[in-house]
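The next block holds one structure in the form of structure tokens; read it before the comments.
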Amino acid sequence: MMLKLEKRGQFSRKFSAAVTVIFVAASFLVAGLIFEILGVRAVDVIARLFEVYLSERTLLEAALRGLPLGFAALGLTVAFKMNFWNIGAEGQIYLGMVAATGVVLLHAYYGLVPDFLVLPLMVVLSFLAGGLYCALPAFLKAKLGVNEILPTLMLNYVAYHFVNYLIHGPWRDPKGFGFPLSIVFPPYARLDTVLGHTAYIGVPAAFIIAGLLYGFIMYTPAGFEMRVLGQNYEAARYAGVRIGRTLLLGSLIAGGLAGLGGLTIVAGILGRMRPPSAYVGYGYTAIIIAFLAALNPWLAVPAAVFFGGLLVAGDVIQATLNLPFPAIQILQATIFLMIILGEFFKRYRLRVVI
């Protein structure tokens, strides 16, 4: 008698949702056990975490911190559905930040953009910057057969150092006392100028985009081609799918949404551009969110708010329980790990072979 690992066939949405809930709940138990071993009361840590979602103020902050994650995760649902493994949402977020900040600097220093056009132009250019940055590996894949994982991953580091160069060099605020910060964005370049809080406009906008994405993927010819491409590249080729065009369109959308995530960081959370170390990891976390949502755009936004709450809870736990930041990372990393294990369990099972 032996155990054999085999791939599951099709599974229902109810099964997928049940597995996700079970493994997320298990992640809290595992993290709690680790905290107890380290001499920290797990009940206090978990209580602080859930308090974030019960207070209007901290829930709004969770939604705000989750916006970059949500937009990037929405883009990744498109990329992953067509079997394009975009690991570069991090760099695409950075490029969106660069484009948005560039518009502000053109307006502030050269007067090339009128006040009323600053924010709309930031949105458009952030989308294009992130989208084109993602389309480059897609072009290499379509024309040369280059696997997209390594190029998208390495482009993250290019974008990271490019932002560092700009913020420590030509884009540093001359009145910032030498700190690596851009100039403060004017009020009309901030997302919170519309309804007073970025979450009030950002979350509805994310849900609207999620609905449009779902409709695009499920009910348009281009969306159908992306889904076929995700099932099998060779079958898609024989079925007449224009693989190059489909890859470029999907990657443009995926990277563009990540670029909008970068816009929410500089125009919603920070109000200026800072070194990328202040928000590193958003693009990688978005990958986990996309899988937690089972590549469903409708679920990506609530999942992003949940992870935004984890970030807020980390600050609260540090302040109230005097725990170092690595302790908070234990909780977050455990949840990430259990979600990955849950995704593995959905697709594979152990069978007893006699």
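Each chain of the structure tokens is named A, B, ... in the order shown, its residues numbered from 1; ligands are numbered from 1 in display order.
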Quick one: everything within 12 Å of region 16-33 of chain A, counting only C-alpha atoms, minus sequence neighbours fewer than 4 positions away in the same chain. Send it as an NGL selection string. :A and (10-12 or 37-47 or 49-50 or 288-289 or 291-296 or 299 or 303 or 306-307 or 310 or 327-347)
As a PyMOL selection string, please: the residues near region 205-217 of chain A (cut-off 8 Å, only C-alpha atoms, same-chain neighbours under 5 positions excluded). chain A and resi 67+70-71+74+78+222-224+226-227+296-298+300-301
What's the 12 Å shell around Glu61 (chain A), counting only C-alpha atoms, without same-chain residues fewer than 5 positions away, as a PyMOL selection string? chain A and resi 52-56+66-67+197-200+202-203+268-269+305-313+315-316
Selection from above, C-alpha atoms, as a JSON list (two decimals), in the first residue's frame, can you write it?
[["chain", "number", "residue", "atom", "x", "y", "z"],
["A", 52, "VAL", "CA", -9.46, 46.31, 12.10],
["A", 53, "TYR", "CA", -12.49, 45.06, 10.14],
["A", 54, "LEU", "CA", -15.01, 46.14, 12.81],
["A", 55, "SER", "CA", -14.05, 49.82, 13.02],
["A", 56, "GLU", "CA", -15.11, 52.21, 10.26],
["A", 66, "GLY", "CA", -5.72, 47.35, -0.35],
["A", 67, "LEU", "CA", -6.34, 49.46, -3.46],
["A", 197, "HIS", "CA", -11.25, 59.78, 1.25],
["A", 198, "THR", "CA", -9.52, 57.79, -1.46],
["A", 199, "ALA", "CA", -11.33, 54.60, -0.46],
["A", 200, "TYR", "CA", -14.70, 56.20, -1.22],
["A", 202, "GLY", "CA", -11.14, 53.85, -5.23],
["A", 203, "VAL", "CA", -13.16, 50.85, -4.01],
["A", 268, "GLY", "CA", -3.99, 58.24, -2.76],
["A", 269, "ILE", "CA", -1.85, 56.85, 0.05],
["A", 305, "VAL", "CA", -9.30, 44.74, 1.26],
["A", 306, "PHE", "CA", -8.69, 41.72, 3.49],
["A", 307, "PHE", "CA", -4.95, 41.90, 2.81],
["A", 308, "GLY", "CA", -5.03, 45.66, 3.25],
["A", 309, "GLY", "CA", -6.46, 44.95, 6.69],
["A", 310, "LEU", "CA", -3.48, 42.73, 7.43],
["A", 311, "LEU", "CA", -1.17, 45.65, 6.68],
["A", 312, "VAL", "CA", -3.19, 47.95, 8.94],
["A", 313, "ALA", "CA", -3.35, 45.27, 11.64],
["A", 315, "ASP", "CA", 0.68, 48.72, 12.45],
["A", 316, "VAL", "CA", -1.93, 48.35, 15.20]]
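Take CA of Leu257 (chain A) and CA of Phe127 (chain A): the distance between them is 6.2 Å.
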Spatial neighbours of Gly261 (chain A), 8 Å, only C-alpha atoms, chain gap at least 2 places, as number ranges by chain: A: 67-72, 93, 96, 257-259, 263-265
Those same residues, written as a PDB file, in the first residue's frame with C-alpha atoms?
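Ended up saving to selection_20.pdb:
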ATOM      1  CA  LEU A  67      -6.339  49.463  -3.460  1.00  0.00           C
ATOM      2  CA  PRO A  68      -2.891  48.969  -5.062  1.00  0.00           C
ATOM      3  CA  LEU A  69      -3.167  45.262  -4.294  1.00  0.00           C
ATOM      4  CA  GLY A  70      -6.668  45.112  -5.750  1.00  0.00           C
ATOM      5  CA  PHE A  71      -5.867  46.836  -9.031  1.00  0.00           C
ATOM      6  CA  ALA A  72      -2.735  44.712  -9.518  1.00  0.00           C
ATOM      7  CA  ILE A  93       3.197  49.349 -10.172  1.00  0.00           C
ATOM      8  CA  GLY A  96       2.532  53.634 -12.892  1.00  0.00           C
ATOM      9  CA  LEU A 257      -4.261  47.833 -14.054  1.00  0.00           C
ATOM     10  CA  ALA A 258      -1.093  47.318 -12.017  1.00  0.00           C
ATOM     11  CA  GLY A 259       0.003  50.776 -13.184  1.00  0.00           C
ATOM     12  CA  LEU A 263      -1.275  55.677  -9.143  1.00  0.00           C
ATOM     13  CA  THR A 264      -3.288  54.889  -5.999  1.00  0.00           C
ATOM     14  CA  ILE A 265      -0.060  54.737  -3.990  1.00  0.00           C
TER      15      ILE A 265
END
Residues of region 225-335 of chain A within 12 Å of region 144-167 of chain A: nearest atom pair and distance (Å, one decimal) for each, counting only C-alpha atoms, sorted by chain and number, as CSV?
residue,atom,partner,partner_atom,distance
A:Tyr233,CA,A:Gly145,CA,11.6
A:Ile243,CA,A:Gly145,CA,11.4
A:Gly244,CA,A:Gly145,CA,10.5
A:Leu247,CA,A:Glu148,CA,11.0
A:Ser251,CA,A:Glu148,CA,10.8
A:Gly255,CA,A:Thr152,CA,10.5
A:Gly259,CA,A:Ala159,CA,12.0
A:Gly262,CA,A:Val163,CA,11.9
A:Arg272,CA,A:Ile167,CA,10.4
A:Met273,CA,A:Ile167,CA,7.4
A:Arg274,CA,A:Ile167,CA,6.7
A:Pro275,CA,A:Asn164,CA,5.7
A:Pro276,CA,A:Tyr160,CA,6.3
A:Ser277,CA,A:Tyr160,CA,8.7
A:Ala278,CA,A:Asn164,CA,11.1
A:Tyr279,CA,A:Tyr160,CA,10.7
A:Val280,CA,A:Tyr160,CA,8.8
A:Gly281,CA,A:Asn156,CA,10.4
A:Tyr282,CA,A:Asn156,CA,11.5
A:Gly283,CA,A:Asn156,CA,9.2
A:Tyr284,CA,A:Leu153,CA,10.0
Just list the residues in region 246-303 of chain A DSSP gives helix (DSSP H, G or I) on the backbone, as a PyMOL selection string. chain A and resi 246-270+276-278+282-292+297-303
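The coordinates place CA of Gly131 (chain A) at 22.4 Å from CA of Val113 (chain A).
Separating CA of Arg245 (chain A) from CA of Ala129 (chain A) is a distance of 18.6 Å.
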